[in-house]
Structure formats: C-alpha cells, structure tokens
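**Q** Shown below is the structure under consideration.
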Amino acid sequence: MPQRVKERVPPITPQLAWRVAVLGGTSFVLFGIVFFRLWFLQVLSGEELVAKARQNRVRKIPIEAPRGNIVDRNNETLVKSKVAAVVQLLPNDLPDTVRTDADKYRQALAAAEADRQKAQDQADAFWRQLKDDGVKSTKAQLKALKDLRRQGKTARKVAVPPLPASETALAKVYGRISRTLADVSPRQIQDRVIRGLADAPYSNVTIKTDITTAEFNYIKENPELFPGVVVETQFLREFPHDDLAAQLFGTVNEISETQRKEKKYAGVAQGTRIGQSGLEERYDRYLRGKDGYSRVVVNAMGTRDDQARTSVKEAVQGQRLKLTLDFNLQQAGDRALKQAISKSQYGATAGAYVAVDPTDGAILAMGSQPSFDANVFARPFSQKTYKSLTSDSNSAPLLNRATESAYPTGSVFKPVTALAALSQGLITPDETYDDTGHFEYGTQKYQNAKAAANGPVNMVSAIKKSSDTYFFRLGSLARGRVIQQWAARLGFGRKTGLDLPGEHAGLVPDKAWRDQGFDAYTKCREKRHFAQDSLDALYACGGIDRPWTGGDNVNLAVGQGDLQATPLQVAVAYSALANGGTIVRPHVGSAIEDGLGRTVQELHFKSRRKVKFDPTALGVIRTGLHEAVASQGGTSYDVFKGWDQKRYPVFGKTGTAERGANPDQAWYACWVMDKNHPIVVVVTIEKGGFGAETAAPAARLILSQWFDTGDRQFHAGASQSN
C-alpha cells in the first residue's frame with residue numbers, strides 16, 4: 001500500500017507578511033472613516049440635516065416693499081407708488097454674445113459722450129480766447145466756434161447692435177414675447193436688452209411694465225415657452241403732477257454689485273431696488289422700506305403645493321418724506337418761468353428759479369425749464385427719449401439748472417463788490433462818481449448798457465440804477481483778492497450743501513486760478529510745438545491763453561468774465577444780505593413721517609457760518625436794493641409798480657450777463673423779509689435779454705403767489721440796464 005505524501009505549505013515570507021499587514025491596516029482605516037462619517041451624519045448632525053431637508057421643500061419668495069410717498073409741506077402728494085405687472089429678462093440667462101455686444105455698446109456710448117464733452121470744452125475755450133483778444137472776431141473764427149458748439153450739443157448717435165443671427169433660440173423667445181405683448185417688437189426688445197445690460201449688467205432687464213392680466217397669466221402659465229423670462233408685480237413710482245419739480249425726485253433701479261460693496265448699502269440684498277439719483281437717492285434709506293417674503297412648499301418637480309400651509313412675513317412700506325416745497329408756489333413758479341421764457345425776444349428756451357426761506361434755507365420752490373414728465377422713468381424708454389432729455393439741442397430737460405448749471409451772474413453780483421469796496425475803504429457810501437457811460441482801464445474800454453450816462457452817482461444810486469462804470473472803477477481799484485474773499489464768504493465758488501446730488505460748485509476766478517491755467521496751457525503748447533494762440537494749441541491745451549490782469553477784476557466786479565454761479569448760490573448770498581449775515585444751508589427735506597403722517601424724525605440743517613457785516617455798509621446796500629424796486633428810476637421800478645411796498649417791501653437787483661455769442665442772460669434776485677413769510681427769489685432766463693424784461697416779472701409773479709396778492713399779470717419792465 002503506497003504511503004501518503006505529506007502536503008507542503010510554502011512558508012510565509014517577510015515580504016508577504018508586510019503586504020498583508022498594510023492591506024489590513026488600510027482596510028481598517030477606510031472602514032473607520034466610513035463608520036465615523038455615518039455616526040457623525042446620523043447621530044451628531046441628524047436633526048440639523050433633517051431640518052435642511054425639510055427646507056429644501058420650502059421656497060422663500062420675496063415680497064417687495066413699496067417705497068414711501070413724497071409730500072410737500074402741506075401734505076400734497078408729489079410722488080407715490082403703484083402696483084404694476086412687469087415682464088423682465090434674467091441677465092444670466094442671456095447668451096454671452098448679447099452680453100458682449102452690450103458691453104461694446106456701453107463703451108461706444110462713453111466714447112461718443114467724451115467726444116461731445118471735448119467739443120464743448122473746446123468751444124468754451126475758443127470763446128474765452130476770442131473774448132480775451134479784445135478784437136472783433138472774423139467770420140472764419142465765428143464759423144469755427146459755431147461748428148464746435150454744434151458738435152458739443154449732441155453726442156453722435158450710437159446704433160444698438162442687432163441680435164446675432166446665431167442666437168436662434170433667443171430670437172424665438174423675442175418673437176413669442178412680441179406676439180404676447182402689445183406694441184413691443186422683437187427689435188424693441190433687443191434695444192431694451194442691450195441698453196439695460198449696458199446700464200446695469202447685473203439687473204433684470206425690464207421689457208414692459210403695466211402689462212394686462214391676460215398677458216401676465218399667459219406667460220406665467222407657460223414658462224416652457226419663455227425661458228429666462230420672469231413676470232412679477234412691482235411697485236412703480238408715479239408722479240401725479242407730471243413735470244412739476246421733475247428734476248428733483250430722481251430714479252429707482254436695482255442695486256448694482258459695486259453699490260452693494262458700499263458701506264451705506266451693507267446688508268442690502270441683490271435685486272433690491274434703490275434710489276439712484278435725486279431725492280430718491282439722498283433719502284433712500286428712509287423711502288426704501290423692508291422687503292417681506294412668503295414661504296411656500298414645492299414638490300420634487302419644483303411645483304408649488306398650494307394645499308400645504310405657508311407662512312408670510314409682510315413687507316413694510318418705506319417711510320414718508322416730507323419736503324419744504326410748497327405745491328401752490330411750485331406751480332406758480334413753473335408757470336411764471338414758462339411765461340418769462342415765452343416773453344423773451346431772443347428765442348429763449350431755458351431758465352431756472354429758486355425760492356428760499358432766508359432764515360433757515362428751506363427751499364419753498366425750485367424749478368428748471370424745459371422740464372419733462374417724470375413718469376417716463378417709471379417704465380422702459382427708448383434711446384431717442386433719453387437723448388431728447390439730455391441733448392443740448394433740446395436744452396437738456398433732465399438738467400436742473402437751479403443747482404447744476406453755473407453762469408456769469410451780471411449785476412446781481414454787484415452787492416458783493418460793494419461790500420468788498422466798502423470794507424477795504426476804496427470808497428465811502430456818499431462819495432460820488434461821474435458816470436459818463438464809459439470807463440477805460442489801460443487799453444481796454446468799457447461802457448454801460450446802451451452807453452447810458454447816469455451822471456453823478458453814489459453807492460445807493462449806483463445800485464439803484466445799476467451803473468456799470470461805477471463798479472468797473474471799484475474793480476480796478478480793488479487790491480489783492482478782496483472781491484474774491486467776499487464772494488467766498490457769501491457762498492460763491494463752493495457747493496451750498498444742498499441735500500440733492502449733482503450740485504455745481506461754480507467758480508470765482510482769481511490770479512492763482514488763471515495763472516495756473518495759463519502755465520498749464522504754455523507747457524502743453526511748448527511740448528507739442530504749437531504756435532501761441534493757434535487753434536491747435538487751443539483745442540489741445542485749453543483756452544486760458546494769458547495770465548491774470550487787472551481787467552479780469554474789472555469784469556468780475558460786475559459779475560462777468562470767468563465768474564460762474566448757480567441760481568441757488570445767488571439765493572444763499574441774498575439770504576445772507578436779508579438775514580444779516582447767516583449763510584444758510586439750503587435743503588428740500590423737512591421730516592421723515594410714518595404712513596399716517598406722524599413725524600418720526602425732523603430733518604435739521606445747521607447754518608454753514610456767520611458773516612460779520614459792517615452795519616453801515618449793509619444798510620447802504622439794502623437801501624440801494626430797495627430803491628431799485630420802489631423808487632422812480634430804479635431798474636425794476638416799473639416791474640413792481642402798484643406793489644404794496646409798505647406791507648411787503650421788496651429788495652431786488654436786476655442782472656444782464658453776456659454769454660459768448662448767445663443773447664444776454666436775464667437775472668433777478670430779490671427778497672421780502674416778512675415776519676411770517678420771509679422769502680428770497682432768484683430767477684434766470686437763458687437768452688432772456690435784460691433782467692427787467694423777463695426775469696424780474698417772473699419773480700414778481702412768484703411773490704404774488706406767496707403773499708396772495710391776487711395779481712397774476714406779467715409786468716415786463718423797460719429798463720435796459722445791466
């Protein structure tokens with residue numbers, strides 16, 4: 001019987017043992033990780049994850065808060081909110097080609113506006129050069145100036161790029177939207193998309209507002225036909241009085257990514273609509289309100305379960321903003337300004353006025369013409385509409401000329417020169433000067449309007465008759481910066497602190513300003529090898545082509561030359577003359593109120609500073625200003641003929657300012673320090689001619705409304721004095 005052979009088991013080598021140990025250890029570690037992860041998820045985080053899972057079935061739908069109303073001092077509603085259904089396109093769902101086209105369009109618009117601004121600056125510089133030459137301009141020079149002014153009026157047109165042919169899917173969506181909505185073509189949709197993205201790349205693009213219920217329901221019920229399209233209800237701003245104070249209120253739009261990084265917008269959610277300009281911007285944190293939301297349950301397909309319970313956090317309407325404006329005075333001021341413009345003999349189309357309480361700076365009324373229907377900004381508008389609002393060829397209706405336009409003021413500046421001359425002892429109040437109608441300073445010759453000779457005049461009669469030669473002489477005698485110093489004390493050459501954005505600071509020219517500009521001009525000209533006074537040097541290097549001379553002070557003394565001031569700055573200066581030296585801070589905001597009109601917070605605006613007047617000097621200037629209105633021979637005497645000067649004594653000054661090749665600009669500044677209703681009124685009419693012809697009669701109409709005299713006639717004056 002054969003013997004069994006013993007089985008041979010190969011010995012375990014050290015290498016094999018090591019491999020087994022590593023494999024076993026790795027398996028153990030991986031098993032431990034899985035075990036502890038499951039333990040963490042099920043034991044430690046179980047409740048939290050269950051809560052999150054439940055929340056995945058819940059959607060938070062935001063509820064927009066209506067913005068607060070804006071009312072006048074007597075609670076007349078000027079701005080309110082209304083509910084409207086809107087159709088919008090989501091920017092992130094638009095193709096890259098469209099977004100790229102929008103960015104190129106934005107750049108092209110910026111370039112066109114830069115070219116327009118350059119031409120306007122060149123025109124201003126060229127005019128300054130022609131004026132400084134002191135010789136009659138040639139036809140070629142006037143033609144060149146005219147061409148520059150034309151180029152500076154309107155930016156060249158930039159075409160909106162069409163929808164690329166490759167974007168067939170988006171074209172189909174455009175077509176469905178167009179067929180669903182009335183009066184919106186695919187081309188118009190593309191225009192609004194491009195302009196909307198160019199203006200605010202991260203905001204929804206509004207295609208149409210105030211759509212019908214049927215249109216709203218159709219898009220809502222057929223989302224598969226409208227990818228990237230949302231329909232919702234929004235609160236739109238509504239302006240019951242159309243163009244009344246339209247430049248003051250401003251616009252509302254979605255917050256941008258850049259704005260969200262600003263400290264004042266900390267915590268504001270993306271998509272929130274905020275004030276972007278005007279009062280809407282300045283008082284946004286009060287007007288905005290607090291958005292609410294509703295929690296709804298959705299199923300696995302993302303469809304809302306209307307049978308499930310929902311919770312709602314109601315939106316809180318923004319607070320009400322009460323203004324210092326008086327609705328009736330605002331209406332009267334707008335009518336007066338329009339009438340004054342229509343009465344001009346020189347084709348006037350634009351002007352502004354402001355009425356201020358001289359005791360605290362409260363703005364009672366403020367208007368700029370031409371104006372526009374403020375409701376245009378509550379819904380999408382075309383590029384043509386926007387250009388019509390901003391183009392100089394249409395006199396730029398969007399511009400608030402009361403605060404954003406600076407002009408030479410003409411003779412309404414003379415009280416500043418009078419204060420400077422009396423403070424420096426250049427003349428005494430009773431000292432007479434023989435006004436022959438002409439004045440010479442070096443080689444320069446100056447004269448009164450129409451070369452009128454007023455004979456012997458002192459300070460009072462010089463203000464009363466608005467003697468230019470009297471003040472030309474004071475300008476030639478003024479030493480250093482005395483006129484500029486008094487102008488700065490009264491608020492010229494700096495912003496007034498108005499609670500509205502976009503205010504112009506103006507300019508009070510002096511030796512340092514002009515010499516610095518001339519130095520920059522000279523360096524630029526020499527670097528580019530341009531000839532002195534050449535058009536190439538002018539266009540490339542600016543128009544300050546000579547240093548300061550005494551003649552600049554002569555021009556400044558009568559509010560001419562390079563002086564630039566806004567109507568509001570003039571009102572602040574005249575308020576100081578009226579109240580005895582307080583430089584008020586003008587403001588439109590009065591109080592923040594709740595929905596029931598109860599005051600939540602009063603808005604206080606402290607005066608900027610106090611100017612110390614010499615009582616004698618101030619008395620002389622006031623006397624001259626009153627005689628200019630109430631005494632035979634005064635520049636606005638015939639305008640205020642029949643006015644009750646005993647009850648409502650008016651202190652006023654006409655002004656007629658030269659503005660390049662344009663007809664003269666009319667000014668009038670006045671005040672009545674009535675105990676119960678003090679008021680300062682300033683009116684200016686571009687191309688209005690002499691101040692007594694257009695501006696002063698408009699001011700009288702405003703005063704007539706304020707004091708309820710019942711006089712609604714336009715009393716044009718005959719004085720042809722600057």
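Chain identifiers are assigned as A, B, and so on, following the order in which chains appear in the structure tokens; residues are numbered from 1 within each chain, and ligands are numbered from 1 in order of appearance.
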List every residue of region 411-556 of chain A that DSSP, applied to the backbone of this structure, assigns to alpha helix (DSSP H), and report them as a PyMOL selection string.
**A** chain A and resi 414-423+459-465+468-477+482-489+511-528+535-541+550-556
**Q** Enter the distance from CA of Ser344 (chain A) to CA of Ser575 (chain A), in Å, rounded to one decimal.
**A**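 Those two atoms sit 27.7 Å apart.
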**Q** Excluding Thr349 (chain A) and residues on its chain fewer than 3 positions from it, collect all residues at most 9 Å away from it, counting only C-alpha atoms, and give them as a ChimeraX atom specification.
**A** /A:338,341-342,344,369-370,394-395,685-688
**Q** With only C-alpha atoms as the counted atoms, please give the residues lying no more than 7 Å from region 578-587 of chain A, apart from itself and same-chain residues fewer than 6 positions off, as a list in words.
**A**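 The filter keeps Pro358, Thr359, Asp360, Gly361, Ala362, Ile363, Leu490, Thr496, Gly497, Leu498, Asp499, Val572, Phe605, Lys606, Ser607, Arg608, Arg609, Lys610, Val611, Lys612, Phe613, Trp671 and Met673 of chain A.
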**Q** Contacts of Ala402 (chain A) at 6 Å or less, counting only C-alpha atoms, minus same-chain residues fewer than 2 places along, as a ChimeraX atom specification?
**A** /A:352,400,567-568
**Q** Write a file of the just-selected residues containing C-alpha atoms, as a PDB file, in the first residue's frame.
**A**
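Output below, filename out_1.pdb:
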ATOM      1  CA  ALA A 352     -34.487 128.348 -13.663  1.00  0.00           C
ATOM      2  CA  ASN A 400     -31.630 121.016 -13.028  1.00  0.00           C
ATOM      3  CA  PRO A 567     -29.108 130.390  -9.074  1.00  0.00           C
ATOM      4  CA  LEU A 568     -29.057 128.582  -5.719  1.00  0.00           C
TER       5      LEU A 568
END
**Q** I want to know what sits within 12 Å of Tyr283 (chain A), based on only C-alpha atoms, with residues of the same chain fewer than 3 positions away left out; could you give that as a VMD selection string?
**A** chain A and resid 67 to 70 249 to 252 264 274 to 280 286 to 289 318 to 323 499 to 501 588 to 592 603
**Q** Could you save the residues just selected, with N, CA, C and O atoms, as a short mmCIF file (atom, residue, chain, number, x, y, z; two decimals), in the first residue's frame?
**A**
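File written: out38.cif
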data_model
loop_
_atom_site.label_atom_id
_atom_site.label_comp_id
_atom_site.auth_asym_id
_atom_site.auth_seq_id
_atom_site.Cartn_x
_atom_site.Cartn_y
_atom_site.Cartn_z
N ARG A 67 -42.12 101.78 -1.82
CA ARG A 67 -41.37 102.92 -1.30
C ARG A 67 -42.34 103.93 -0.70
O ARG A 67 -43.52 104.01 -1.08
N GLY A 68 -41.82 104.71 0.23
CA GLY A 68 -42.65 105.71 0.87
C GLY A 68 -43.00 106.85 -0.06
O GLY A 68 -42.28 107.13 -1.03
N ASN A 69 -44.10 107.50 0.21
CA ASN A 69 -44.52 108.65 -0.59
C ASN A 69 -43.65 109.86 -0.29
O ASN A 69 -42.99 109.95 0.75
N ILE A 70 -43.67 110.81 -1.21
CA ILE A 70 -43.03 112.11 -1.02
C ILE A 70 -44.12 113.17 -1.09
O ILE A 70 -44.89 113.21 -2.07
N PHE A 249 -36.76 114.72 -8.12
CA PHE A 249 -37.13 113.46 -7.49
C PHE A 249 -36.15 112.32 -7.76
O PHE A 249 -35.83 111.55 -6.86
N GLY A 250 -35.69 112.17 -8.98
CA GLY A 250 -34.72 111.13 -9.28
C GLY A 250 -35.35 109.82 -9.70
O GLY A 250 -36.56 109.72 -9.93
N THR A 251 -34.53 108.77 -9.79
CA THR A 251 -34.95 107.48 -10.33
C THR A 251 -34.68 106.35 -9.34
O THR A 251 -33.92 106.50 -8.38
N VAL A 252 -35.33 105.20 -9.60
CA VAL A 252 -35.18 104.00 -8.78
C VAL A 252 -34.80 102.85 -9.69
O VAL A 252 -35.39 102.67 -10.76
N LYS A 264 -22.92 102.20 3.03
CA LYS A 264 -24.30 102.61 3.29
C LYS A 264 -25.32 101.59 2.79
O LYS A 264 -26.50 101.67 3.16
N ILE A 274 -33.20 100.47 -5.38
CA ILE A 274 -32.83 101.59 -4.52
C ILE A 274 -32.90 102.89 -5.32
O ILE A 274 -32.95 102.89 -6.55
N GLY A 275 -32.88 104.00 -4.61
CA GLY A 275 -32.83 105.29 -5.27
C GLY A 275 -31.48 105.50 -5.93
O GLY A 275 -30.44 105.28 -5.32
N GLN A 276 -31.49 105.91 -7.19
CA GLN A 276 -30.25 106.05 -7.95
C GLN A 276 -29.89 107.50 -8.23
O GLN A 276 -28.77 107.79 -8.66
N SER A 277 -30.79 108.43 -8.00
CA SER A 277 -30.48 109.84 -8.23
C SER A 277 -31.51 110.69 -7.49
O SER A 277 -32.53 110.19 -7.01
N GLY A 278 -31.24 112.00 -7.40
CA GLY A 278 -32.18 112.94 -6.81
C GLY A 278 -32.55 112.62 -5.37
O GLY A 278 -31.78 112.03 -4.61
N LEU A 279 -33.75 113.02 -4.99
CA LEU A 279 -34.23 112.76 -3.64
C LEU A 279 -34.36 111.27 -3.35
O LEU A 279 -34.19 110.83 -2.21
N GLU A 280 -34.66 110.48 -4.38
CA GLU A 280 -34.77 109.04 -4.19
C GLU A 280 -33.44 108.47 -3.69
O GLU A 280 -33.42 107.57 -2.84
N TYR A 286 -34.66 105.88 4.06
CA TYR A 286 -35.97 106.10 4.68
C TYR A 286 -37.09 105.63 3.74
O TYR A 286 -38.08 105.04 4.18
N LEU A 287 -36.94 105.91 2.46
CA LEU A 287 -38.01 105.62 1.50
C LEU A 287 -38.10 104.15 1.14
O LEU A 287 -39.17 103.66 0.75
N ARG A 288 -37.00 103.39 1.26
CA ARG A 288 -36.92 102.04 0.71
C ARG A 288 -37.87 101.05 1.39
O ARG A 288 -38.46 100.20 0.73
N GLY A 289 -38.03 101.10 2.67
CA GLY A 289 -38.87 100.13 3.36
C GLY A 289 -38.14 98.81 3.57
O GLY A 289 -36.95 98.66 3.28
N GLY A 318 -41.93 101.86 2.98
CA GLY A 318 -40.96 102.86 3.39
C GLY A 318 -41.63 104.06 4.05
O GLY A 318 -42.84 104.29 3.92
N GLN A 319 -40.84 104.80 4.77
CA GLN A 319 -41.37 105.97 5.45
C GLN A 319 -41.65 107.11 4.47
O GLN A 319 -41.13 107.13 3.36
N ARG A 320 -42.47 108.03 4.90
CA ARG A 320 -42.86 109.14 4.04
C ARG A 320 -41.87 110.28 4.21
O ARG A 320 -41.46 110.61 5.33
N LEU A 321 -41.48 110.89 3.09
CA LEU A 321 -40.58 112.03 3.11
C LEU A 321 -41.38 113.31 2.91
O LEU A 321 -42.06 113.46 1.88
N LYS A 322 -41.29 114.18 3.87
CA LYS A 322 -41.97 115.48 3.78
C LYS A 322 -40.97 116.53 3.35
O LYS A 322 -39.87 116.62 3.90
N LEU A 323 -41.34 117.31 2.35
CA LEU A 323 -40.45 118.32 1.80
C LEU A 323 -40.81 119.72 2.29
O LEU A 323 -41.91 119.95 2.81
N ASP A 499 -29.21 119.16 -0.04
CA ASP A 499 -29.45 117.73 0.13
C ASP A 499 -29.94 117.08 -1.16
O ASP A 499 -30.89 116.29 -1.17
N LEU A 500 -29.29 117.40 -2.25
CA LEU A 500 -29.53 116.78 -3.55
C LEU A 500 -28.17 116.54 -4.20
O LEU A 500 -27.28 117.40 -4.11
N PRO A 501 -27.98 115.40 -4.88
CA PRO A 501 -26.70 115.16 -5.55
C PRO A 501 -26.57 115.98 -6.82
O PRO A 501 -27.56 116.48 -7.36
N VAL A 588 -34.21 120.62 0.89
CA VAL A 588 -35.56 120.28 0.42
C VAL A 588 -36.26 119.38 1.43
O VAL A 588 -37.46 119.42 1.58
N GLY A 589 -35.49 118.53 2.12
CA GLY A 589 -36.07 117.63 3.10
C GLY A 589 -36.50 118.36 4.36
O GLY A 589 -35.80 119.25 4.84
N SER A 590 -37.66 117.98 4.88
CA SER A 590 -38.19 118.62 6.09
C SER A 590 -38.33 117.62 7.24
O SER A 590 -37.92 117.91 8.36
N ALA A 591 -38.94 116.45 6.96
CA ALA A 591 -39.17 115.48 8.03
C ALA A 591 -39.40 114.10 7.45
O ALA A 591 -39.78 113.95 6.28
N ILE A 592 -39.15 113.09 8.28
CA ILE A 592 -39.47 111.70 7.96
C ILE A 592 -40.72 111.34 8.77
O ILE A 592 -40.76 111.55 9.99
N LEU A 603 -35.82 116.73 10.13
CA LEU A 603 -34.52 116.90 9.49
C LEU A 603 -34.01 118.32 9.75
O LEU A 603 -34.67 119.30 9.38
#
**Q** Could you name the residues that touch Ala214 (chain A) at 10 Å or less, counting only C-alpha atoms, but leaving out those on the same chain fewer than 5 positions away, as a list in words?
**A** Thr180, Leu181, Ile219 and Lys220 of chain A
**Q** Export, as a short mmCIF file (atom, residue, chain, number, x, y, z; two decimals), in the first residue's frame, the selected residues with all heavy atoms.
**A**
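Dumped everything to again_12.cif:
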data_model
loop_
_atom_site.label_atom_id
_atom_site.label_comp_id
_atom_site.auth_asym_id
_atom_site.auth_seq_id
_atom_site.Cartn_x
_atom_site.Cartn_y
_atom_site.Cartn_z
N THR A 180 -47.07 88.07 -27.62
CA THR A 180 -47.88 88.05 -26.40
C THR A 180 -48.18 89.46 -25.90
O THR A 180 -49.30 89.75 -25.45
CB THR A 180 -47.15 87.27 -25.29
OG1 THR A 180 -46.85 85.96 -25.77
CG2 THR A 180 -48.01 87.17 -24.05
N LEU A 181 -47.19 90.32 -26.01
CA LEU A 181 -47.35 91.69 -25.52
C LEU A 181 -47.70 92.63 -26.66
O LEU A 181 -47.16 92.51 -27.77
CB LEU A 181 -46.05 92.18 -24.86
CG LEU A 181 -45.49 91.31 -23.73
CD1 LEU A 181 -44.20 91.92 -23.21
CD2 LEU A 181 -46.50 91.16 -22.60
N ILE A 219 -47.99 84.20 -19.75
CA ILE A 219 -46.55 83.95 -19.58
C ILE A 219 -46.30 83.13 -18.32
O ILE A 219 -45.46 82.23 -18.30
CB ILE A 219 -45.78 85.28 -19.52
CG1 ILE A 219 -45.95 86.05 -20.84
CG2 ILE A 219 -44.30 85.05 -19.25
CD1 ILE A 219 -45.28 87.42 -20.85
N LYS A 220 -47.08 83.42 -17.28
CA LYS A 220 -46.91 82.70 -16.02
C LYS A 220 -47.28 81.23 -16.17
O LYS A 220 -46.63 80.35 -15.58
CB LYS A 220 -47.81 83.35 -14.96
CG LYS A 220 -47.46 83.01 -13.53
CD LYS A 220 -46.25 83.79 -13.06
CE LYS A 220 -46.02 83.63 -11.58
NZ LYS A 220 -44.79 84.34 -11.13
#
**Q** As a list in words, please: every residue in region 446-483 of chain A that DSSP puts in strand (DSSP E or B).
**A**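 DSSP on the backbone gives strand (DSSP E or B) at Tyr446, Gln447, Gly455, Pro456 and Val457 of chain A.
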**Q** Quick check, in Å to one decimal: how far apart do CA of Ala171 (chain A) and CA of Val158 (chain A) lie?
**A**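 Taking CA of Ala171 (chain A) as the start and CA of Val158 (chain A) as the end point, the length is 22.4 Å.
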